[in-house]
Amino acid sequence: MAVVGGGFGGVGAATMLKRAGYDDVTVFERGERIGGVWHNNTYPGAACDIPSHLYEFSFAPNPRWSRRYAPQAEIQAYLEDTARRYGVLDRIRTSTEVRSAAWDEQRRVWRIETSAGPHEAEVLLTACGQLSVPTVPPLPGLDGFSGPAFHTAQWRHDVDLAGKRVAVIGTGCSAIQVVPAIQPEVAQVDVYQRSPGWTFPKMDFPYSERW
């Protein structure tokens, strides 16, 4: 069996397949680490947008979340720890991108071309997410913008925002997280919104020992 993607879907699939008795499973992850969206998105304020205890594997409940909406680094660590504890980390080939897959009807196998060479499998599972692939709008003049310009999924940690005027395009989950995180250090932040959305208090808080 071959699984494409080493995020929550890929790690979960590999673990459940192992529990069901399937030992010949290979997971292909193009990133240098597992994690998918949680490995790629490291912008300030990156966190879960639903309560953490609802965002975990049913077979691996985590009593150690630090707060109601866990930050990115915690989720990444949880995923890596789960893969390690359930013995599927060695089944994941990181830095290996799947470039194509074709079904060979005569031999009844999937012929998979990867950046590390060919691979064959009888069953192919895709666990590819969409939030690790940035979608940049075709804004006129963007290519000629003189200052730093980047997507939240490709956050440039080498850019110092202190005292800068910052424009944020979009009001999705990433913007809702990153704008409050950078606001205290920037000189001005403007958020450009295409259509209004419904908002309500996040009710985030750190968990005490009793919680």
# chains A, B, ... in the order shown; residues from 1 in each chain; ligands from 1
call {"tool": "select_by_dssp", "arguments": {"residues": "segment 7-186 of chain A", "states": "helix (DSSP H, G or I)", "output": "number ranges by chain"}}
result
A: 8-19, 37-40, 52-54, 72-85, 89-91, 142-144, 152-154, 173-182
call {"tool": "closest_atom_pairs", "arguments": {"of": "segment 29-73 of chain A", "to": "segment 85-95 of chain A", "cutoff": "8 Å", "atoms": "only C-alpha atoms", "output": "Markdown table"}}
result
| residue | atom | partner | partner_atom | distance |
| --- | --- | --- | --- | --- |
| A:Glu29 | CA | A:Thr94 | CA | 4.7 |
| A:Arg30 | CA | A:Ser95 | CA | 4.4 |
| A:Gly31 | CA | A:Ser95 | CA | 4.9 |
| A:Glu32 | CA | A:Ser95 | CA | 4.7 |
| A:Arg33 | CA | A:Thr94 | CA | 6.0 |
| A:Ile34 | CA | A:Thr94 | CA | 6.9 |
call {"tool": "residues_around", "arguments": {"residues": "segment 42-58 of chain A", "least_positions_apart": "4", "cutoff": "9 Å", "atoms": "only C-alpha atoms", "output": "ChimeraX atom specification"}}
result
/A:8,12,38,62-63,65,67-75,78-79,82,152-157,173-174,176-182,202,204
call {"tool": "write_last_selection", "arguments": {"atoms": "N, CA and C atoms", "output": "CSV table (one decimal), in the first residue's frame"}}
result
chain,number,residue,atom,x,y,z
A,8,PHE,N,-1.9,14.8,9.0
A,8,PHE,CA,-2.8,14.0,9.9
A,8,PHE,C,-3.5,12.9,9.1
A,12,GLY,N,-2.6,9.1,10.2
A,12,GLY,CA,-3.7,8.3,10.7
A,12,GLY,C,-4.0,7.1,9.9
A,38,TRP,N,0.7,21.7,9.3
A,38,TRP,CA,1.3,22.1,10.6
A,38,TRP,C,2.8,22.2,10.5
A,62,ASN,N,-4.9,13.3,23.7
A,62,ASN,CA,-3.8,14.0,24.3
A,62,ASN,C,-4.3,14.8,25.5
A,63,PRO,N,-3.9,14.5,26.7
A,63,PRO,CA,-4.4,15.2,27.9
A,63,PRO,C,-3.4,16.4,28.2
A,65,TRP,N,-2.6,19.2,26.2
A,65,TRP,CA,-2.7,20.4,25.4
A,65,TRP,C,-2.6,21.6,26.4
A,67,ARG,N,-3.5,24.7,26.0
A,67,ARG,CA,-4.7,25.7,26.0
A,67,ARG,C,-5.8,25.2,25.1
A,68,ARG,N,-6.9,25.9,25.1
A,68,ARG,CA,-8.1,25.4,24.4
A,68,ARG,C,-7.8,25.3,22.9
A,69,TYR,N,-7.1,26.2,22.3
A,69,TYR,CA,-6.7,26.2,20.9
A,69,TYR,C,-5.2,26.1,20.8
A,70,ALA,N,-4.7,24.9,20.7
A,70,ALA,CA,-3.3,24.6,20.8
A,70,ALA,C,-2.5,25.3,19.6
A,71,PRO,N,-1.3,25.9,19.9
A,71,PRO,CA,-0.5,26.5,18.9
A,71,PRO,C,0.1,25.5,18.0
A,72,GLN,N,0.6,26.0,16.8
A,72,GLN,CA,1.2,25.1,15.8
A,72,GLN,C,2.2,24.2,16.2
A,73,ALA,N,3.2,24.7,17.0
A,73,ALA,CA,4.3,23.9,17.4
A,73,ALA,C,3.9,22.7,18.3
A,74,GLU,N,2.8,22.9,19.1
A,74,GLU,CA,2.3,21.8,19.9
A,74,GLU,C,1.6,20.7,19.0
A,75,ILE,N,0.9,21.1,18.0
A,75,ILE,CA,0.2,20.2,17.1
A,75,ILE,C,1.2,19.4,16.3
A,78,TYR,N,2.7,16.9,18.6
A,78,TYR,CA,1.8,15.8,18.9
A,78,TYR,C,1.7,14.8,17.7
A,79,LEU,N,1.7,15.3,16.5
A,79,LEU,CA,1.7,14.4,15.3
A,79,LEU,C,2.9,13.6,15.2
A,82,THR,N,2.9,11.0,18.0
A,82,THR,CA,1.9,9.9,17.7
A,82,THR,C,2.5,8.9,16.7
A,152,THR,N,1.0,33.6,4.0
A,152,THR,CA,1.2,33.1,5.4
A,152,THR,C,1.7,31.7,5.4
A,153,ALA,N,1.4,30.9,4.4
A,153,ALA,CA,1.9,29.5,4.4
A,153,ALA,C,3.4,29.5,4.0
A,154,GLN,N,4.0,30.6,3.6
A,154,GLN,CA,5.4,30.7,3.3
A,154,GLN,C,6.0,31.9,4.1
A,155,TRP,N,5.7,31.9,5.4
A,155,TRP,CA,6.1,33.0,6.2
A,155,TRP,C,7.6,33.3,6.2
A,156,ARG,N,8.0,34.5,6.0
A,156,ARG,CA,9.4,34.9,6.0
A,156,ARG,C,9.8,35.3,7.4
A,157,HIS,N,10.4,34.5,8.1
A,157,HIS,CA,10.8,34.8,9.5
A,157,HIS,C,12.1,35.8,9.5
A,173,CYS,N,-9.0,32.0,8.5
A,173,CYS,CA,-8.5,31.6,9.7
A,173,CYS,C,-7.1,32.1,10.0
A,174,SER,N,-6.3,32.1,8.9
A,174,SER,CA,-4.9,32.5,9.0
A,174,SER,C,-4.8,34.0,9.4
A,176,ILE,N,-7.1,35.8,10.9
A,176,ILE,CA,-7.7,36.0,12.2
A,176,ILE,C,-6.6,35.7,13.3
A,177,GLN,N,-5.7,34.8,12.9
A,177,GLN,CA,-4.7,34.5,13.9
A,177,GLN,C,-3.5,35.4,13.8
A,178,VAL,N,-3.0,35.7,12.6
A,178,VAL,CA,-1.8,36.4,12.4
A,178,VAL,C,-1.9,37.9,12.7
A,179,VAL,N,-3.1,38.5,12.4
A,179,VAL,CA,-3.2,40.0,12.6
A,179,VAL,C,-3.1,40.3,14.1
A,180,PRO,N,-3.8,39.7,15.0
A,180,PRO,CA,-3.6,40.0,16.4
A,180,PRO,C,-2.2,39.7,16.9
A,181,ALA,N,-1.5,38.7,16.3
A,181,ALA,CA,-0.2,38.4,16.8
A,181,ALA,C,0.9,39.4,16.4
A,182,ILE,N,0.7,40.1,15.2
A,182,ILE,CA,1.7,41.1,14.7
A,182,ILE,C,1.3,42.5,15.1
A,202,LYS,N,-13.5,34.1,20.5
A,202,LYS,CA,-12.8,32.8,20.4
A,202,LYS,C,-12.8,32.0,21.7
A,204,ASP,N,-10.5,31.6,23.9
A,204,ASP,CA,-9.3,30.8,24.1
A,204,ASP,C,-8.7,31.1,25.5
call {"tool": "select_by_dssp", "arguments": {"residues": "segment 95-203 of chain A", "states": "strand (DSSP E or B)", "output": "PyMOL selection string"}}
result
chain A and resi 98-104+109-114+117-121+124-126+165-169+188-192
call {"tool": "closest_residue", "arguments": {"among": "A:Gly170, A:Pro184, A:Gly5, A:Pro134", "to": "Asn41 of chain A", "atoms": "only C-alpha atoms"}}
result
A:Pro134
call {"tool": "atom_distance", "arguments": {"atom1": "atom CA of Trp110 of chain A", "atom2": "atom CA of Val3 of chain A"}}
result
11.6 Å
call {"tool": "residues_around", "arguments": {"residues": "Cys128 of chain A", "least_positions_apart": "3", "cutoff": "8 Å", "atoms": "only C-alpha atoms", "output": "PDB file with N, CA and C atoms, in the first residue's frame"}}
result
ATOM      1  N   VAL A   4      -0.122   8.908  -0.016  1.00  0.00           N
ATOM      2  CA  VAL A   4       0.471  10.175  -0.439  1.00  0.00           C
ATOM      3  C   VAL A   4       0.100  11.250   0.569  1.00  0.00           C
ATOM      4  N   GLY A   5       1.103  11.767   1.273  1.00  0.00           N
ATOM      5  CA  GLY A   5       0.874  12.809   2.261  1.00  0.00           C
ATOM      6  C   GLY A   5       1.192  12.334   3.666  1.00  0.00           C
ATOM      7  N   GLY A   7       0.655  14.213   6.580  1.00  0.00           N
ATOM      8  CA  GLY A   7       0.013  15.046   7.593  1.00  0.00           C
ATOM      9  C   GLY A   7      -0.878  14.185   8.479  1.00  0.00           C
ATOM     10  N   GLY A   9      -3.855  13.072   7.887  1.00  0.00           N
ATOM     11  CA  GLY A   9      -4.477  11.998   7.111  1.00  0.00           C
ATOM     12  C   GLY A   9      -3.536  10.837   6.872  1.00  0.00           C
TER      13      GLY A   9
END
call {"tool": "residues_around", "arguments": {"residues": "segment 185-196 of chain A", "least_positions_apart": "6", "cutoff": "9 Å", "atoms": "only C-alpha atoms", "output": "PyMOL selection string"}}
result
chain A and resi 161-171+175+179
call {"tool": "residues_around", "arguments": {"residues": "Glu122 of chain A", "least_positions_apart": "5", "cutoff": "10 Å", "atoms": "only C-alpha atoms", "output": "list in words"}}
result
Met1, Ala2, Trp103, Asp104, Arg107, Arg108, Val109, Trp110 and Arg111 of chain A
call {"tool": "atom_distance", "arguments": {"atom1": "atom CA of Pro118 of chain A", "atom2": "atom CA of Gly10 of chain A"}}
result
19.6 Å
call {"tool": "residues_around", "arguments": {"residues": "Arg210 of chain A", "least_positions_apart": "3", "cutoff": "12 Å", "atoms": "only C-alpha atoms", "output": "list in words"}}
result
Pro63, Arg64, Ser66, Pro206 and Tyr207 of chain A
call {"tool": "atom_distance", "arguments": {"atom1": "atom CA of Thr15 of chain A", "atom2": "atom CA of Ala83 of chain A"}}
result
7.6 Å
call {"tool": "decode", "arguments": {"residues": "segment 53-86 of chain A", "atoms": "N, CA, C and O atoms", "output": "PDB file, in the first residue's frame"}}
result
ATOM      1  N   HIS A  53      -9.072  19.438  21.896  1.00  0.00           N
ATOM      2  CA  HIS A  53      -9.502  18.076  22.220  1.00  0.00           C
ATOM      3  C   HIS A  53     -10.433  17.479  21.166  1.00  0.00           C
ATOM      4  O   HIS A  53     -10.717  16.277  21.189  1.00  0.00           O
ATOM      5  N   LEU A  54     -10.893  18.312  20.242  1.00  0.00           N
ATOM      6  CA  LEU A  54     -11.648  17.807  19.097  1.00  0.00           C
ATOM      7  C   LEU A  54     -10.747  17.619  17.886  1.00  0.00           C
ATOM      8  O   LEU A  54     -11.181  17.121  16.858  1.00  0.00           O
ATOM      9  N   TYR A  55      -9.487  18.037  18.020  1.00  0.00           N
ATOM     10  CA  TYR A  55      -8.546  17.989  16.903  1.00  0.00           C
ATOM     11  C   TYR A  55      -7.401  17.052  17.266  1.00  0.00           C
ATOM     12  O   TYR A  55      -6.252  17.460  17.414  1.00  0.00           O
ATOM     13  N   GLU A  56      -7.731  15.802  17.431  1.00  0.00           N
ATOM     14  CA  GLU A  56      -6.746  14.784  17.770  1.00  0.00           C
ATOM     15  C   GLU A  56      -7.286  13.442  17.320  1.00  0.00           C
ATOM     16  O   GLU A  56      -8.478  13.294  17.060  1.00  0.00           O
ATOM     17  N   PHE A  57      -6.403  12.445  17.219  1.00  0.00           N
ATOM     18  CA  PHE A  57      -6.829  11.114  16.809  1.00  0.00           C
ATOM     19  C   PHE A  57      -7.642  10.463  17.927  1.00  0.00           C
ATOM     20  O   PHE A  57      -7.297  10.589  19.111  1.00  0.00           O
ATOM     21  N   SER A  58      -8.676   9.745  17.547  1.00  0.00           N
ATOM     22  CA  SER A  58      -9.487   9.042  18.544  1.00  0.00           C
ATOM     23  C   SER A  58      -8.671   7.991  19.284  1.00  0.00           C
ATOM     24  O   SER A  58      -8.938   7.693  20.448  1.00  0.00           O
ATOM     25  N   PHE A  59      -7.653   7.434  18.613  1.00  0.00           N
ATOM     26  CA  PHE A  59      -6.831   6.397  19.232  1.00  0.00           C
ATOM     27  C   PHE A  59      -5.658   6.972  20.014  1.00  0.00           C
ATOM     28  O   PHE A  59      -4.900   6.228  20.641  1.00  0.00           O
ATOM     29  N   ALA A  60      -5.491   8.295  19.985  1.00  0.00           N
ATOM     30  CA  ALA A  60      -4.359   8.908  20.683  1.00  0.00           C
ATOM     31  C   ALA A  60      -4.795  10.203  21.362  1.00  0.00           C
ATOM     32  O   ALA A  60      -4.341  11.296  21.011  1.00  0.00           O
ATOM     33  N   PRO A  61      -5.691  10.112  22.346  1.00  0.00           N
ATOM     34  CA  PRO A  61      -6.112  11.327  23.047  1.00  0.00           C
ATOM     35  C   PRO A  61      -4.934  11.972  23.776  1.00  0.00           C
ATOM     36  O   PRO A  61      -4.072  11.282  24.313  1.00  0.00           O
ATOM     37  N   ASN A  62      -4.910  13.290  23.739  1.00  0.00           N
ATOM     38  CA  ASN A  62      -3.790  14.029  24.339  1.00  0.00           C
ATOM     39  C   ASN A  62      -4.282  14.843  25.536  1.00  0.00           C
ATOM     40  O   ASN A  62      -4.981  15.840  25.362  1.00  0.00           O
ATOM     41  N   PRO A  63      -3.928  14.462  26.747  1.00  0.00           N
ATOM     42  CA  PRO A  63      -4.357  15.225  27.923  1.00  0.00           C
ATOM     43  C   PRO A  63      -3.444  16.399  28.242  1.00  0.00           C
ATOM     44  O   PRO A  63      -3.638  17.057  29.263  1.00  0.00           O
ATOM     45  N   ARG A  64      -2.467  16.655  27.388  1.00  0.00           N
ATOM     46  CA  ARG A  64      -1.438  17.637  27.716  1.00  0.00           C
ATOM     47  C   ARG A  64      -1.491  18.903  26.857  1.00  0.00           C
ATOM     48  O   ARG A  64      -0.518  19.656  26.815  1.00  0.00           O
ATOM     49  N   TRP A  65      -2.614  19.153  26.166  1.00  0.00           N
ATOM     50  CA  TRP A  65      -2.696  20.420  25.431  1.00  0.00           C
ATOM     51  C   TRP A  65      -2.554  21.578  26.410  1.00  0.00           C
ATOM     52  O   TRP A  65      -3.122  21.562  27.504  1.00  0.00           O
ATOM     53  N   SER A  66      -1.822  22.597  26.026  1.00  0.00           N
ATOM     54  CA  SER A  66      -1.554  23.710  26.937  1.00  0.00           C
ATOM     55  C   SER A  66      -2.713  24.692  27.028  1.00  0.00           C
ATOM     56  O   SER A  66      -2.844  25.410  28.009  1.00  0.00           O
ATOM     57  N   ARG A  67      -3.541  24.731  25.993  1.00  0.00           N
ATOM     58  CA  ARG A  67      -4.651  25.682  25.983  1.00  0.00           C
ATOM     59  C   ARG A  67      -5.770  25.151  25.097  1.00  0.00           C
ATOM     60  O   ARG A  67      -5.620  24.140  24.427  1.00  0.00           O
ATOM     61  N   ARG A  68      -6.892  25.856  25.112  1.00  0.00           N
ATOM     62  CA  ARG A  68      -8.073  25.371  24.387  1.00  0.00           C
ATOM     63  C   ARG A  68      -7.825  25.280  22.886  1.00  0.00           C
ATOM     64  O   ARG A  68      -8.295  24.352  22.232  1.00  0.00           O
ATOM     65  N   TYR A  69      -7.094  26.228  22.338  1.00  0.00           N
ATOM     66  CA  TYR A  69      -6.730  26.198  20.923  1.00  0.00           C
ATOM     67  C   TYR A  69      -5.205  26.088  20.850  1.00  0.00           C
ATOM     68  O   TYR A  69      -4.500  27.098  20.967  1.00  0.00           O
ATOM     69  N   ALA A  70      -4.711  24.884  20.687  1.00  0.00           N
ATOM     70  CA  ALA A  70      -3.272  24.635  20.767  1.00  0.00           C
ATOM     71  C   ALA A  70      -2.519  25.337  19.644  1.00  0.00           C
ATOM     72  O   ALA A  70      -2.990  25.394  18.502  1.00  0.00           O
ATOM     73  N   PRO A  71      -1.327  25.864  19.937  1.00  0.00           N
ATOM     74  CA  PRO A  71      -0.510  26.505  18.895  1.00  0.00           C
ATOM     75  C   PRO A  71       0.136  25.489  17.967  1.00  0.00           C
ATOM     76  O   PRO A  71       0.206  24.293  18.279  1.00  0.00           O
ATOM     77  N   GLN A  72       0.610  25.988  16.845  1.00  0.00           N
ATOM     78  CA  GLN A  72       1.155  25.145  15.762  1.00  0.00           C
ATOM     79  C   GLN A  72       2.240  24.191  16.244  1.00  0.00           C
ATOM     80  O   GLN A  72       2.235  23.002  15.907  1.00  0.00           O
ATOM     81  N   ALA A  73       3.188  24.685  17.026  1.00  0.00           N
ATOM     82  CA  ALA A  73       4.318  23.850  17.443  1.00  0.00           C
ATOM     83  C   ALA A  73       3.852  22.652  18.274  1.00  0.00           C
ATOM     84  O   ALA A  73       4.402  21.553  18.162  1.00  0.00           O
ATOM     85  N   GLU A  74       2.822  22.855  19.088  1.00  0.00           N
ATOM     86  CA  GLU A  74       2.289  21.754  19.898  1.00  0.00           C
ATOM     87  C   GLU A  74       1.634  20.693  19.030  1.00  0.00           C
ATOM     88  O   GLU A  74       1.779  19.489  19.275  1.00  0.00           O
ATOM     89  N   ILE A  75       0.893  21.141  18.028  1.00  0.00           N
ATOM     90  CA  ILE A  75       0.206  20.192  17.145  1.00  0.00           C
ATOM     91  C   ILE A  75       1.224  19.405  16.326  1.00  0.00           C
ATOM     92  O   ILE A  75       1.096  18.195  16.148  1.00  0.00           O
ATOM     93  N   GLN A  76       2.256  20.090  15.839  1.00  0.00           N
ATOM     94  CA  GLN A  76       3.322  19.419  15.102  1.00  0.00           C
ATOM     95  C   GLN A  76       3.994  18.372  15.982  1.00  0.00           C
ATOM     96  O   GLN A  76       4.234  17.230  15.556  1.00  0.00           O
ATOM     97  N   ALA A  77       4.303  18.727  17.218  1.00  0.00           N
ATOM     98  CA  ALA A  77       4.949  17.793  18.142  1.00  0.00           C
ATOM     99  C   ALA A  77       4.039  16.613  18.452  1.00  0.00           C
ATOM    100  O   ALA A  77       4.497  15.465  18.551  1.00  0.00           O
ATOM    101  N   TYR A  78       2.732  16.859  18.603  1.00  0.00           N
ATOM    102  CA  TYR A  78       1.771  15.784  18.861  1.00  0.00           C
ATOM    103  C   TYR A  78       1.742  14.791  17.716  1.00  0.00           C
ATOM    104  O   TYR A  78       1.734  13.572  17.923  1.00  0.00           O
ATOM    105  N   LEU A  79       1.743  15.297  16.493  1.00  0.00           N
ATOM    106  CA  LEU A  79       1.678  14.425  15.327  1.00  0.00           C
ATOM    107  C   LEU A  79       2.940  13.572  15.207  1.00  0.00           C
ATOM    108  O   LEU A  79       2.877  12.365  14.947  1.00  0.00           O
ATOM    109  N   GLU A  80       4.097  14.187  15.417  1.00  0.00           N
ATOM    110  CA  GLU A  80       5.352  13.445  15.355  1.00  0.00           C
ATOM    111  C   GLU A  80       5.434  12.413  16.477  1.00  0.00           C
ATOM    112  O   GLU A  80       5.887  11.279  16.263  1.00  0.00           O
ATOM    113  N   ASP A  81       4.988  12.774  17.668  1.00  0.00           N
ATOM    114  CA  ASP A  81       5.009  11.846  18.793  1.00  0.00           C
ATOM    115  C   ASP A  81       4.070  10.675  18.545  1.00  0.00           C
ATOM    116  O   ASP A  81       4.395   9.521  18.861  1.00  0.00           O
ATOM    117  N   THR A  82       2.905  10.959  17.971  1.00  0.00           N
ATOM    118  CA  THR A  82       1.945   9.882  17.679  1.00  0.00           C
ATOM    119  C   THR A  82       2.525   8.903  16.665  1.00  0.00           C
ATOM    120  O   THR A  82       2.429   7.684  16.845  1.00  0.00           O
ATOM    121  N   ALA A  83       3.136   9.426  15.604  1.00  0.00           N
ATOM    122  CA  ALA A  83       3.743   8.553  14.588  1.00  0.00           C
ATOM    123  C   ALA A  83       4.842   7.698  15.200  1.00  0.00           C
ATOM    124  O   ALA A  83       4.993   6.509  14.869  1.00  0.00           O
ATOM    125  N   ARG A  84       5.596   8.287  16.119  1.00  0.00           N
ATOM    126  CA  ARG A  84       6.691   7.553  16.770  1.00  0.00           C
ATOM    127  C   ARG A  84       6.137   6.479  17.712  1.00  0.00           C
ATOM    128  O   ARG A  84       6.582   5.331  17.705  1.00  0.00           O
ATOM    129  N   ARG A  85       5.147   6.843  18.518  1.00  0.00           N
ATOM    130  CA  ARG A  85       4.606   5.911  19.511  1.00  0.00           C
ATOM    131  C   ARG A  85       3.902   4.723  18.860  1.00  0.00           C
ATOM    132  O   ARG A  85       3.920   3.620  19.401  1.00  0.00           O
ATOM    133  N   TYR A  86       3.277   4.958  17.715  1.00  0.00           N
ATOM    134  CA  TYR A  86       2.534   3.881  17.062  1.00  0.00           C
ATOM    135  C   TYR A  86       3.351   3.182  15.980  1.00  0.00           C
ATOM    136  O   TYR A  86       2.819   2.377  15.217  1.00  0.00           O
TER     137      TYR A  86
END
